[in-house]
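Everything below belongs to target.txt, which stores compact mmCIF, C-alpha atoms and all ligand atoms.
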# COMPACT_ATOMS: atom_id res chain seq x y z
CA MET A 1 85.50 134.94 128.94
CA LEU A 2 87.69 136.48 126.24
CA SER A 3 86.17 136.39 122.76
CA LYS A 4 88.05 134.32 120.17
CA PRO A 5 89.78 136.07 117.26
CA PRO A 6 88.20 135.53 113.81
CA LEU A 7 89.79 133.11 111.32
CA LYS A 8 88.69 132.40 107.79
CA ILE A 9 89.46 128.83 106.68
CA VAL A 10 89.69 128.38 102.92
CA LEU A 11 89.21 124.72 102.00
CA CYS A 12 90.84 123.53 98.79
CA SER A 13 88.69 121.42 96.51
CA PRO A 14 89.38 118.76 95.45
CA ARG A 15 91.38 117.44 98.40
CA GLY A 16 91.93 114.11 100.10
CA PHE A 17 91.21 110.61 98.82
CA CYS A 18 91.59 109.92 95.10
CA ALA A 19 89.90 107.04 93.29
CA GLY A 20 93.04 104.87 93.50
CA VAL A 21 93.24 105.27 97.28
CA VAL A 22 89.55 104.50 97.77
CA ARG A 23 89.97 101.36 95.66
CA ALA A 24 93.09 100.27 97.58
CA ILE A 25 91.52 100.74 101.04
CA ASP A 26 88.28 99.05 99.86
CA THR A 27 90.37 96.13 98.60
CA VAL A 28 91.73 95.48 102.09
CA GLU A 29 88.34 96.10 103.75
CA ARG A 30 86.54 93.77 101.35
CA ALA A 31 89.19 91.06 101.68
CA LEU A 32 88.80 91.25 105.47
CA ALA A 33 85.02 91.04 105.17
CA LEU A 34 85.12 88.08 102.76
CA TYR A 35 87.99 86.03 104.17
CA GLY A 36 88.47 87.33 107.72
CA ALA A 37 91.78 88.20 109.41
CA PRO A 38 94.61 88.12 108.72
CA VAL A 39 94.86 89.92 105.41
CA TYR A 40 98.51 90.56 104.61
CA VAL A 41 99.39 93.88 102.97
CA ARG A 42 102.76 94.48 101.35
CA HIS A 43 103.82 98.03 102.25
CA GLU A 44 101.48 100.68 103.70
CA ILE A 45 98.36 100.31 101.53
CA VAL A 46 98.57 104.10 101.15
CA HIS A 47 100.99 106.44 102.91
CA ASN A 48 98.84 107.34 105.88
CA ARG A 49 99.28 106.17 109.46
CA TYR A 50 95.64 106.71 110.41
CA VAL A 51 94.44 104.54 107.52
CA VAL A 52 97.05 101.85 108.24
CA ASP A 53 96.31 101.80 112.00
CA ASN A 54 92.57 101.47 111.31
CA LEU A 55 93.06 98.53 108.95
CA ARG A 56 95.54 96.92 111.34
CA ALA A 57 92.91 97.13 114.10
CA LYS A 58 90.55 95.21 111.79
CA GLY A 59 93.07 92.44 111.14
CA ALA A 60 95.36 93.63 108.35
CA VAL A 61 99.01 92.67 108.81
CA PHE A 62 101.47 95.04 107.15
CA VAL A 63 104.84 93.81 105.91
CA GLU A 64 107.50 95.38 103.72
CA GLU A 65 108.46 92.21 101.84
CA LEU A 66 106.78 88.89 101.05
CA ASP A 67 109.43 86.91 102.92
CA GLU A 68 107.94 88.26 106.16
CA ILE A 69 104.70 86.34 105.41
CA PRO A 70 104.41 82.68 106.53
CA ASP A 71 102.98 80.11 104.08
CA THR A 72 99.30 80.95 104.13
CA LYS A 73 95.97 80.80 102.31
CA ALA A 74 95.14 84.31 103.55
CA PRO A 75 94.93 87.12 100.97
CA VAL A 76 98.08 89.13 100.24
CA VAL A 77 97.42 92.66 98.98
CA PHE A 78 99.94 94.75 97.02
CA SER A 79 99.79 98.48 97.86
CA ALA A 80 98.36 101.22 95.61
CA HIS A 81 101.87 102.37 94.64
CA GLY A 82 102.56 99.29 92.51
CA VAL A 83 105.17 96.55 92.79
CA PRO A 84 108.18 95.36 90.77
CA LYS A 85 107.42 92.33 88.58
CA ASP A 86 109.32 89.94 90.83
CA VAL A 87 106.76 90.49 93.63
CA PRO A 88 103.73 88.87 91.90
CA GLU A 89 106.14 86.23 90.55
CA GLU A 90 107.28 85.37 94.08
CA ALA A 91 103.65 85.43 95.30
CA GLN A 92 102.75 82.91 92.61
CA ARG A 93 105.72 80.70 93.47
CA ARG A 94 104.52 80.62 97.07
CA ASN A 95 100.90 79.97 96.01
CA PHE A 96 99.66 83.12 97.70
CA PHE A 97 96.16 84.39 96.98
CA SER A 98 97.29 87.82 95.87
CA LEU A 99 95.15 90.89 95.31
CA ASP A 100 96.71 93.75 93.40
CA ALA A 101 95.62 97.16 94.71
CA THR A 102 98.00 99.01 92.37
CA CYS A 103 96.16 102.09 91.08
CA PRO A 104 95.07 101.55 87.46
CA LEU A 105 96.80 104.84 86.59
CA VAL A 106 100.09 103.42 87.85
CA THR A 107 99.50 100.17 85.94
CA LYS A 108 99.00 102.34 82.84
CA VAL A 109 102.52 103.75 83.31
CA HIS A 110 103.88 100.20 83.75
CA ARG A 111 102.25 99.28 80.42
CA GLU A 112 103.68 102.34 78.65
CA ALA A 113 107.17 101.42 79.85
CA ALA A 114 106.70 97.82 78.69
CA ILE A 115 105.60 98.99 75.22
CA HIS A 116 108.63 101.28 74.87
CA TYR A 117 110.86 98.38 75.90
CA LYS A 118 109.23 96.05 73.36
CA ARG A 119 109.95 98.63 70.68
CA GLY A 120 113.61 98.62 71.68
CA ARG A 121 113.68 102.14 73.16
CA GLU A 122 115.98 103.44 75.88
CA ILE A 123 113.62 104.51 78.67
CA LEU A 124 113.84 107.41 81.12
CA LEU A 125 111.68 107.50 84.25
CA ILE A 126 111.14 110.95 85.74
CA GLY A 127 110.60 110.43 89.45
CA HIS A 128 112.04 110.32 92.95
CA SER A 129 114.61 107.67 93.76
CA HIS A 130 113.57 104.97 96.29
CA HIS A 131 109.89 105.93 96.27
CA PRO A 132 107.87 102.67 96.11
CA GLU A 133 106.08 103.73 92.92
CA VAL A 134 109.44 104.37 91.26
CA VAL A 135 110.81 101.07 92.56
CA GLY A 136 107.72 99.37 91.10
CA THR A 137 107.99 101.05 87.70
CA LEU A 138 111.74 100.41 87.43
CA GLY A 139 111.04 96.80 88.40
CA GLN A 140 108.73 96.20 85.42
CA LEU A 141 111.75 95.78 83.19
CA PRO A 142 115.18 94.17 83.42
CA GLU A 143 117.81 96.02 85.40
CA GLY A 144 119.42 98.81 83.36
CA ALA A 145 116.51 99.14 80.90
CA VAL A 146 115.18 102.28 82.63
CA SER A 147 117.24 105.26 83.84
CA LEU A 148 115.98 107.57 86.57
CA ILE A 149 115.82 111.31 85.98
CA GLU A 150 115.15 113.30 89.15
CA THR A 151 116.03 116.89 88.21
CA THR A 152 116.53 119.24 85.25
CA ALA A 153 120.28 118.83 85.91
CA ASP A 154 119.88 115.06 85.36
CA ALA A 155 117.98 115.79 82.12
CA GLU A 156 120.74 118.17 80.98
CA ALA A 157 123.47 115.65 81.75
CA TYR A 158 121.89 112.46 80.37
CA GLN A 159 123.89 110.85 77.58
CA PRO A 160 121.75 108.40 75.58
CA LYS A 161 123.10 105.59 73.46
CA ASN A 162 120.95 106.84 70.58
CA PRO A 163 119.16 110.22 70.95
CA ASP A 164 116.59 109.17 68.34
CA ASN A 165 115.53 106.03 70.18
CA LEU A 166 114.49 107.43 73.55
CA ALA A 167 111.24 107.40 75.54
CA PHE A 168 110.14 108.74 78.90
CA VAL A 169 107.49 107.94 81.50
CA THR A 170 106.89 109.63 84.86
CA GLN A 171 105.83 109.01 88.45
CA THR A 172 102.14 109.96 88.93
CA THR A 173 102.51 112.24 91.96
CA LEU A 174 105.16 114.72 90.86
CA SER A 175 105.12 118.52 90.86
CA ILE A 176 103.43 119.64 87.62
CA ASP A 177 105.80 122.61 87.33
CA ASP A 178 109.06 120.76 88.07
CA THR A 179 108.11 117.95 85.70
CA SER A 180 107.20 120.25 82.83
CA GLY A 181 110.66 121.83 83.26
CA ILE A 182 112.35 118.43 83.06
CA VAL A 183 110.25 117.34 80.07
CA ALA A 184 111.05 120.65 78.30
CA VAL A 185 114.78 119.96 78.69
CA LEU A 186 114.39 116.41 77.34
CA ARG A 187 112.26 117.49 74.38
CA GLN A 188 114.66 120.30 73.55
CA ARG A 189 117.71 118.03 73.71
CA PHE A 190 116.01 115.00 72.11
CA PRO A 191 113.26 116.20 69.75
CA ASN A 192 112.38 112.63 68.74
CA ILE A 193 111.82 111.37 72.29
CA SER A 194 108.60 109.31 72.67
CA GLY A 195 106.35 109.82 75.65
CA PRO A 196 102.95 110.94 76.87
CA HIS A 197 101.51 114.21 75.54
CA LYS A 198 102.70 116.03 78.71
CA GLU A 199 103.63 113.56 81.48
CA ASP A 200 101.97 110.73 83.46
CA ILE A 201 100.96 112.83 86.47
CA CYS A 202 97.46 111.71 87.40
CA TYR A 203 94.22 113.69 87.52
CA ALA A 204 94.19 113.72 91.34
CA THR A 205 97.72 115.12 91.67
CA THR A 206 96.96 117.71 88.99
CA ASN A 207 93.69 118.88 90.55
CA ARG A 208 94.99 119.04 94.14
CA GLN A 209 97.98 121.13 93.03
CA ALA A 210 95.69 123.42 90.99
CA ALA A 211 93.47 124.04 94.03
CA VAL A 212 96.50 124.88 96.21
CA LYS A 213 97.69 127.31 93.53
CA LYS A 214 94.38 129.15 93.78
CA VAL A 215 94.27 129.24 97.56
CA ALA A 216 97.90 129.77 98.64
CA PRO A 217 98.12 133.39 97.39
CA ILE A 218 95.02 134.44 99.36
CA VAL A 219 95.85 132.95 102.78
CA ASP A 220 98.35 133.68 105.54
CA ALA A 221 99.16 130.03 106.16
CA MET A 222 98.42 126.61 104.66
CA ILE A 223 98.11 123.19 106.26
CA VAL A 224 98.39 120.09 104.10
CA VAL A 225 97.00 117.01 105.81
CA GLY A 226 99.37 114.23 104.86
CA ALA A 227 102.31 112.09 105.87
CA PRO A 228 106.00 112.93 105.44
CA ASN A 229 106.44 109.84 103.21
CA SER A 230 103.51 110.83 100.97
CA SER A 231 104.95 112.16 97.72
CA ASN A 232 101.76 113.85 96.54
CA SER A 233 101.24 115.54 99.94
CA LEU A 234 104.84 116.81 100.02
CA ARG A 235 104.29 118.32 96.56
CA LEU A 236 101.17 120.17 97.80
CA ARG A 237 103.15 121.76 100.63
CA GLU A 238 105.87 122.79 98.15
CA VAL A 239 103.32 124.32 95.77
CA ALA A 240 101.84 126.38 98.62
CA GLU A 241 105.29 127.62 99.63
CA ARG A 242 106.23 128.48 96.04
CA GLU A 243 102.98 130.41 95.63
CA GLY A 244 104.19 132.68 98.43
CA CYS A 245 102.57 131.14 101.48
CA LYS A 246 105.02 131.91 104.30
CA VAL A 247 103.77 129.19 106.59
CA ALA A 248 103.08 125.96 104.70
CA VAL A 249 103.20 122.80 106.77
CA LEU A 250 102.27 119.12 106.67
CA ALA A 251 100.22 117.69 109.51
CA GLN A 252 99.21 114.08 110.07
CA ARG A 253 96.92 114.90 113.02
CA ALA A 254 95.73 118.02 114.90
CA SER A 255 98.23 117.12 117.63
CA ASP A 256 101.09 117.79 115.15
CA ILE A 257 100.20 121.49 114.89
CA ASP A 258 102.75 123.92 116.29
CA TRP A 259 100.38 126.68 117.34
CA THR A 260 103.13 129.30 117.56
CA GLN A 261 103.34 129.15 113.72
CA PHE A 262 99.72 130.28 113.41
CA GLU A 263 99.71 133.21 115.85
CA GLY A 264 98.12 136.33 114.39
CA ILE A 265 96.87 134.78 111.14
CA ALA A 266 93.51 135.87 109.70
CA THR A 267 93.18 133.29 106.93
CA LEU A 268 94.20 129.62 106.74
CA GLY A 269 94.23 127.38 103.66
CA LEU A 270 93.49 123.72 104.28
CA THR A 271 93.97 120.77 101.95
CA ALA A 272 94.74 117.06 102.16
CA GLY A 273 96.91 114.71 100.15
CA ALA A 274 95.36 111.87 98.14
CA SER A 275 95.99 109.41 101.00
CA ALA A 276 94.68 111.61 103.84
CA PRO A 277 91.18 110.97 105.24
CA GLU A 278 88.64 113.80 105.55
CA VAL A 279 88.15 113.04 109.28
CA ILE A 280 91.60 114.51 109.90
CA VAL A 281 90.66 117.69 108.02
CA GLU A 282 87.62 117.86 110.33
CA GLU A 283 89.77 117.17 113.39
CA ILE A 284 92.09 120.04 112.45
CA MET A 285 89.17 122.40 111.83
CA GLY A 286 87.85 121.42 115.25
CA ALA A 287 91.19 122.26 116.86
CA PHE A 288 91.16 125.70 115.19
CA ALA A 289 87.53 126.21 116.24
CA GLU A 290 88.63 125.90 119.89
CA ARG A 291 90.98 128.86 119.41
CA TYR A 292 89.29 130.99 116.73
CA GLU A 293 85.84 132.08 115.63
CA LEU A 294 85.76 130.29 112.28
CA SER A 295 84.21 131.16 108.97
CA VAL A 296 84.67 128.60 106.19
CA GLU A 297 84.80 128.98 102.44
CA THR A 298 85.67 126.49 99.69
CA VAL A 299 87.72 127.30 96.59
CA SER A 300 87.40 124.74 93.82
CA ALA A 301 89.77 124.02 90.95
CA ALA A 302 88.05 120.97 89.42
CA GLU A 303 85.18 118.51 89.72
CA GLU A 304 86.12 114.86 90.15
CA ASN A 305 84.02 111.77 89.54
CA GLU A 306 86.59 109.05 88.85
CA PHE A 307 85.82 105.57 90.15
CA PHE A 308 87.96 102.45 89.80
CA PRO A 309 86.30 99.04 90.33
CA LEU A 310 87.78 96.58 92.83
CA PRO A 311 90.21 93.85 91.70
CA ARG A 312 88.14 91.23 89.84
CA ALA A 313 88.40 88.53 92.53
CA LEU A 314 86.64 90.83 95.02
CA ARG A 315 83.76 91.97 92.84
CA PRO A 316 80.37 90.79 94.13
CA ASP A 317 79.78 88.48 91.15
CA ALA A 318 83.30 86.91 91.25
CA ALA A 319 82.61 83.99 93.58
CA GLU A 320 79.46 82.82 91.74
O1 LIG B 1 101.96 110.20 97.06
P1 LIG B 1 102.54 108.86 97.26
O2 LIG B 1 102.92 108.19 95.99
O3 LIG B 1 103.70 108.83 98.24
O4 LIG B 1 101.39 107.90 97.88
P2 LIG B 1 100.24 108.12 98.91
O5 LIG B 1 99.91 106.78 99.46
O6 LIG B 1 100.52 109.20 99.88
O7 LIG B 1 98.99 108.66 98.06
C1 LIG B 1 98.31 107.91 97.11
C2 LIG B 1 99.13 107.82 95.90
C3 LIG B 1 99.60 106.67 95.41
C4 LIG B 1 99.09 105.37 95.81
C5 LIG B 1 100.71 106.70 94.42
S1 LIG B 1 100.10 106.56 92.82
FE1 LIG B 2 96.02 106.67 91.35
FE2 LIG B 2 96.70 109.23 91.20
FE3 LIG B 2 95.63 108.31 93.37
FE4 LIG B 2 98.07 107.56 92.68
S1 LIG B 2 97.43 109.60 93.27
S2 LIG B 2 96.48 106.28 93.52
S3 LIG B 2 97.87 107.50 90.45
S4 LIG B 2 94.63 108.40 91.36

Written as structure tokens, that's how I'd like the structure from this file.
Ligand code: 10G
Ligand code: SF4
Amino acid sequence: MLSKPPLKIVLCSPRGFCAGVVRAIDTVERALALYGAPVYVRHEIVHNRYVVDNLRAKGAVFVEELDEIPDTKAPVVFSAHGVPKDVPEEAQRRNFFSLDATCPLVTKVHREAAIHYKRGREILLIGHSHHPEVVGTLGQLPEGAVSLIETTADAEAYQPKNPDNLAFVTQTTLSIDDTSGIVAVLRQRFPNISGPHKEDICYATTNRQAAVKKVAPIVDAMIVVGAPNSSNSLRLREVAEREGCKVAVLAQRASDIDWTQFEGIATLGLTAGASAPEVIVEEIMGAFAERYELSVETVSAAEENEFFPLPRALRPDAAE
């Protein structure tokens, strides 16, 4: 038998599930355990097919909009990405038992936007059009109250009604580097703009990008476990590419890997987006182990110990 070529896998740390994703998945799991199936979930609870398929197998029913749900006493969960204000309003009108799995760090951005609005400011949201988190944040306020800024070109071109009465908030899963460029343009053009100290990118996005920045320059290729609709995972792939990694790809499962892309490599970086389960990282390592003699090392950029408690109605003491 031919001996396998050596391959060093460099694991990025932190990677994978963030505290908001754990809370969102636990919300659905706990609702299923307490109330039984079905538990309705508006939108993918997090952007990961494996997670969604697993929950569906346990009795979760995924819908895109509330009008797909029949009149029911079953729980209705809102996804981790957050929802426009009219969604909980509609849920209340229909007497749904709703459970909000919006990440507390997204809710914090919703609150910031609401405060700026109360103070009469013109609000800019830095983010990607049509992403559910952006739809949710825009939907906290009346139409037209918030303008979307996607690029530095948008920031250069924006014409405010009053340059001294502006504020900005951001999506939580953006590229740190792209966003600091956009914020720099806004602060330079509008020195009195209100906003967070830097941006609203969360700890998990920040740390996962920092780990990729450390690993990408020292590997021949990088795999990011994550889905093509996962904003934070897409950003990790981009960071790897920008740090000079010639092969930087997303993979949802080991079966997605195009092995021709990895011929002749000696080192492979491996990370996972905030919605990607560690079992898939293990599955991919297993697939490489069939073809290579592996050695594994971990490069760490930060320690994480965030924990977000479940929605109040699901906490153990809630029913008593
Ligand atoms: O990265 P996005 O926002 O697309 O979501 P995800 O489900 O892939 O990862 C978890 C992040 C969120 C719930 C958005 S705050
Ligand atoms: Fe919350 Fe950040 Fe995770 Fe989004 S990526 S769910 S903001 S911790």

Sorted by chain and rising residue number, list the residues of chain A at most 10 Å from ligand LIG 2 (chain B) (counting only C-alpha atoms and all ligand atoms), each with its closest atom pair and distance in Å to one decimal, as a tab-separated table.
residue	atom	partner	partner_atom	distance
A:Gly16	CA	B:LIG2	FE3	9.6
A:Phe17	CA	B:LIG2	FE3	7.4
A:Cys18	CA	B:LIG2	FE3	4.7
A:Ala19	CA	B:LIG2	S4	5.3
A:Gly20	CA	B:LIG2	S2	3.7
A:Val21	CA	B:LIG2	S2	5.1
A:Val22	CA	B:LIG2	S2	8.3
A:Arg23	CA	B:LIG2	S2	8.4
A:Ala24	CA	B:LIG2	S2	8.0
A:Val46	CA	B:LIG2	S2	8.2
A:Ser79	CA	B:LIG2	S2	9.5
A:Ala80	CA	B:LIG2	S2	5.8
A:His81	CA	B:LIG2	FE4	6.7
A:Gly82	CA	B:LIG2	S2	9.3
A:Ala101	CA	B:LIG2	S2	9.2
A:Thr102	CA	B:LIG2	S2	7.5
A:Cys103	CA	B:LIG2	FE1	4.6
A:Pro104	CA	B:LIG2	FE1	6.5
A:Leu105	CA	B:LIG2	S3	4.8
A:Val106	CA	B:LIG2	S3	5.3
A:Thr107	CA	B:LIG2	S3	8.8
A:Lys108	CA	B:LIG2	S3	9.3
A:Val109	CA	B:LIG2	S3	9.3
A:Glu133	CA	B:LIG2	FE4	8.9
A:Gln171	CA	B:LIG2	S3	8.3
A:Thr172	CA	B:LIG2	S3	5.2
A:Thr173	CA	B:LIG2	S1	5.9
A:Leu174	CA	B:LIG2	S1	9.6
A:Asp200	CA	B:LIG2	S3	8.7
A:Ile201	CA	B:LIG2	FE2	7.3
A:Cys202	CA	B:LIG2	FE2	4.6
A:Tyr203	CA	B:LIG2	FE2	6.3
A:Ala204	CA	B:LIG2	FE2	5.1
A:Thr205	CA	B:LIG2	S1	5.8
A:Thr206	CA	B:LIG2	FE2	8.8
A:Arg208	CA	B:LIG2	S1	9.8
A:Ser230	CA	B:LIG2	S1	9.9
A:Ser231	CA	B:LIG2	S1	9.1
A:Asn232	CA	B:LIG2	S1	6.9
A:Ser233	CA	B:LIG2	S1	9.7
A:Gly273	CA	B:LIG2	S1	8.6
A:Ala274	CA	B:LIG2	S1	5.8
A:Ser275	CA	B:LIG2	FE3	7.7
A:Glu306	CA	B:LIG2	S4	8.4
A:Phe307	CA	B:LIG2	S4	9.3
A:Phe308	CA	B:LIG2	S4	9.1

Point to revise | Distance of CA of Leu234 (chain A) from CA of Glu303 (chain A), expressed in Å to one decimal place | key: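 Taking CA of Glu303 (chain A) as the start and CA of Leu234 (chain A) as the end point, the length is 22.3 Å.
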
Check your understanding: Can you tell me, as number ranges by chain, what residues are no more than 9 Å from region 258-270 of chain A when counting only C-alpha atoms, ignoring any on the same chain fewer than 2 positions away?
Key -> A: 5-12, 15, 212, 215-216, 218-225, 247, 255-256, 272, 281, 285

Exercise for review: Enter the distance from CA of Asp317 (chain A) to CA of Asn95 (chain A), in Å, rounded to one decimal.
Suggested key: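 The value is 23.3 Å.
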
**Study point:** Minimum-distance residue to ligand LIG 1 (chain B), chosen among A:Leu2, A:Val83, A:Ala248, A:Ala74 (using all atoms listed in the file)
**Key:**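 For ligand LIG 1 (chain B), the nearest of the given residues is A:Val83.
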
Check your understanding: Can you tell me how far CA of Gly181 (chain A) sits from atom C3 of ligand LIG 1 (chain B), in Å to one decimal?
Key ->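 Interatomic distance here is 22.4 Å.
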
Exercise for review: Show me as an MDAnalysis selection string the residues that reach within 10 Å of (90.9, 91.8, 103.4), counting all atoms listed in the file and using the file's own coordinates.
Suggested key: chainID A and resid 25:41 55 58:61 74:77 99 314

Check your understanding: Using all atoms listed in the file, can you list as a PyMOL selection string the residues within 12 Å of (94.0, 108.0, 110.7)?
Key -> chain A and resi 46-57+225-227+251-254+275-283

Write a file of the just-selected residues containing C-alpha atoms, as a PDB file, in the frame of the given file.
ATOM      1  CA  VAL A  46      98.570 104.100 101.150  1.00  0.00           C
ATOM      2  CA  HIS A  47     100.990 106.440 102.910  1.00  0.00           C
ATOM      3  CA  ASN A  48      98.840 107.340 105.880  1.00  0.00           C
ATOM      4  CA  ARG A  49      99.280 106.170 109.460  1.00  0.00           C
ATOM      5  CA  TYR A  50      95.640 106.710 110.410  1.00  0.00           C
ATOM      6  CA  VAL A  51      94.440 104.540 107.520  1.00  0.00           C
ATOM      7  CA  VAL A  52      97.050 101.850 108.240  1.00  0.00           C
ATOM      8  CA  ASP A  53      96.310 101.800 112.000  1.00  0.00           C
ATOM      9  CA  ASN A  54      92.570 101.470 111.310  1.00  0.00           C
ATOM     10  CA  LEU A  55      93.060  98.530 108.950  1.00  0.00           C
ATOM     11  CA  ARG A  56      95.540  96.920 111.340  1.00  0.00           C
ATOM     12  CA  ALA A  57      92.910  97.130 114.100  1.00  0.00           C
ATOM     13  CA  VAL A 225      97.000 117.010 105.810  1.00  0.00           C
ATOM     14  CA  GLY A 226      99.370 114.230 104.860  1.00  0.00           C
ATOM     15  CA  ALA A 227     102.310 112.090 105.870  1.00  0.00           C
ATOM     16  CA  ALA A 251     100.220 117.690 109.510  1.00  0.00           C
ATOM     17  CA  GLN A 252      99.210 114.080 110.070  1.00  0.00           C
ATOM     18  CA  ARG A 253      96.920 114.900 113.020  1.00  0.00           C
ATOM     19  CA  ALA A 254      95.730 118.020 114.900  1.00  0.00           C
ATOM     20  CA  SER A 275      95.990 109.410 101.000  1.00  0.00           C
ATOM     21  CA  ALA A 276      94.680 111.610 103.840  1.00  0.00           C
ATOM     22  CA  PRO A 277      91.180 110.970 105.240  1.00  0.00           C
ATOM     23  CA  GLU A 278      88.640 113.800 105.550  1.00  0.00           C
ATOM     24  CA  VAL A 279      88.150 113.040 109.280  1.00  0.00           C
ATOM     25  CA  ILE A 280      91.600 114.510 109.900  1.00  0.00           C
ATOM     26  CA  VAL A 281      90.660 117.690 108.020  1.00  0.00           C
ATOM     27  CA  GLU A 282      87.620 117.860 110.330  1.00  0.00           C
ATOM     28  CA  GLU A 283      89.770 117.170 113.390  1.00  0.00           C
TER      29      GLU A 283
END

Exercise for review: Give the answer as one residue: which of A:His131, A:His197, A:Arg242, A:Arg93 has the shortest atom-to-atom distance to ligand LIG 1 (chain B), using all atoms listed in the file?
Suggested key: A:His131

Considering all atoms listed in the file, return as a PDB file with C-alpha atoms, keeping the file's coordinate frame whatever protein or nucleic-acid residues lie within 9 Å of region 177-179 of chain A, sequence-local ones (same chain, fewer than 6 positions apart) excluded.
ATOM      1  CA  ILE A 126     111.140 110.950  85.740  1.00  0.00           C
ATOM      2  CA  GLY A 127     110.600 110.430  89.450  1.00  0.00           C
ATOM      3  CA  THR A 151     116.030 116.890  88.210  1.00  0.00           C
ATOM      4  CA  THR A 152     116.530 119.240  85.250  1.00  0.00           C
ATOM      5  CA  THR A 170     106.890 109.630  84.860  1.00  0.00           C
ATOM      6  CA  GLU A 199     103.630 113.560  81.480  1.00  0.00           C
ATOM      7  CA  ILE A 201     100.960 112.830  86.470  1.00  0.00           C
ATOM      8  CA  VAL A 239     103.320 124.320  95.770  1.00  0.00           C
TER       9      VAL A 239
END

**Study point:** Nearest residue to ligand LIG 1 (chain B) from the set A:Glu44, A:Asp100, A:Glu64, A:Glu90 (distances using all atoms listed in the file)
**Key:** A:Glu44

Review point. Smallest atom-to-atom distance to ligand LIG 1 (chain B): which of A:Ser175, A:Ser295, A:Ser300, A:Ser13, using only C-alpha atoms and all ligand atoms?
Key: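 Of A:Ser175, A:Ser295, A:Ser300, A:Ser13, the one nearest ligand LIG 1 (chain B) is A:Ser175, counting only C-alpha atoms and all ligand atoms.
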
Review point. Using all atoms listed in the file, which of A:Ile176, A:Leu138, A:Leu166, A:Leu236 sits nearest ligand LIG 1 (chain B)?
Key: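 Among A:Ile176, A:Leu138, A:Leu166, A:Leu236, it is A:Leu236 that comes nearest to ligand LIG 1 (chain B).
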
Practice item. Extract, using all atoms listed in the file, all DNA, RNA and protein residues at most 8 Å from region 118-123 of chain A, discarding same-chain residues fewer than 3 positions from it, and format them as an NGL selection string. Key: :A and (113-115 or 145-147 or 160-161 or 165-169)
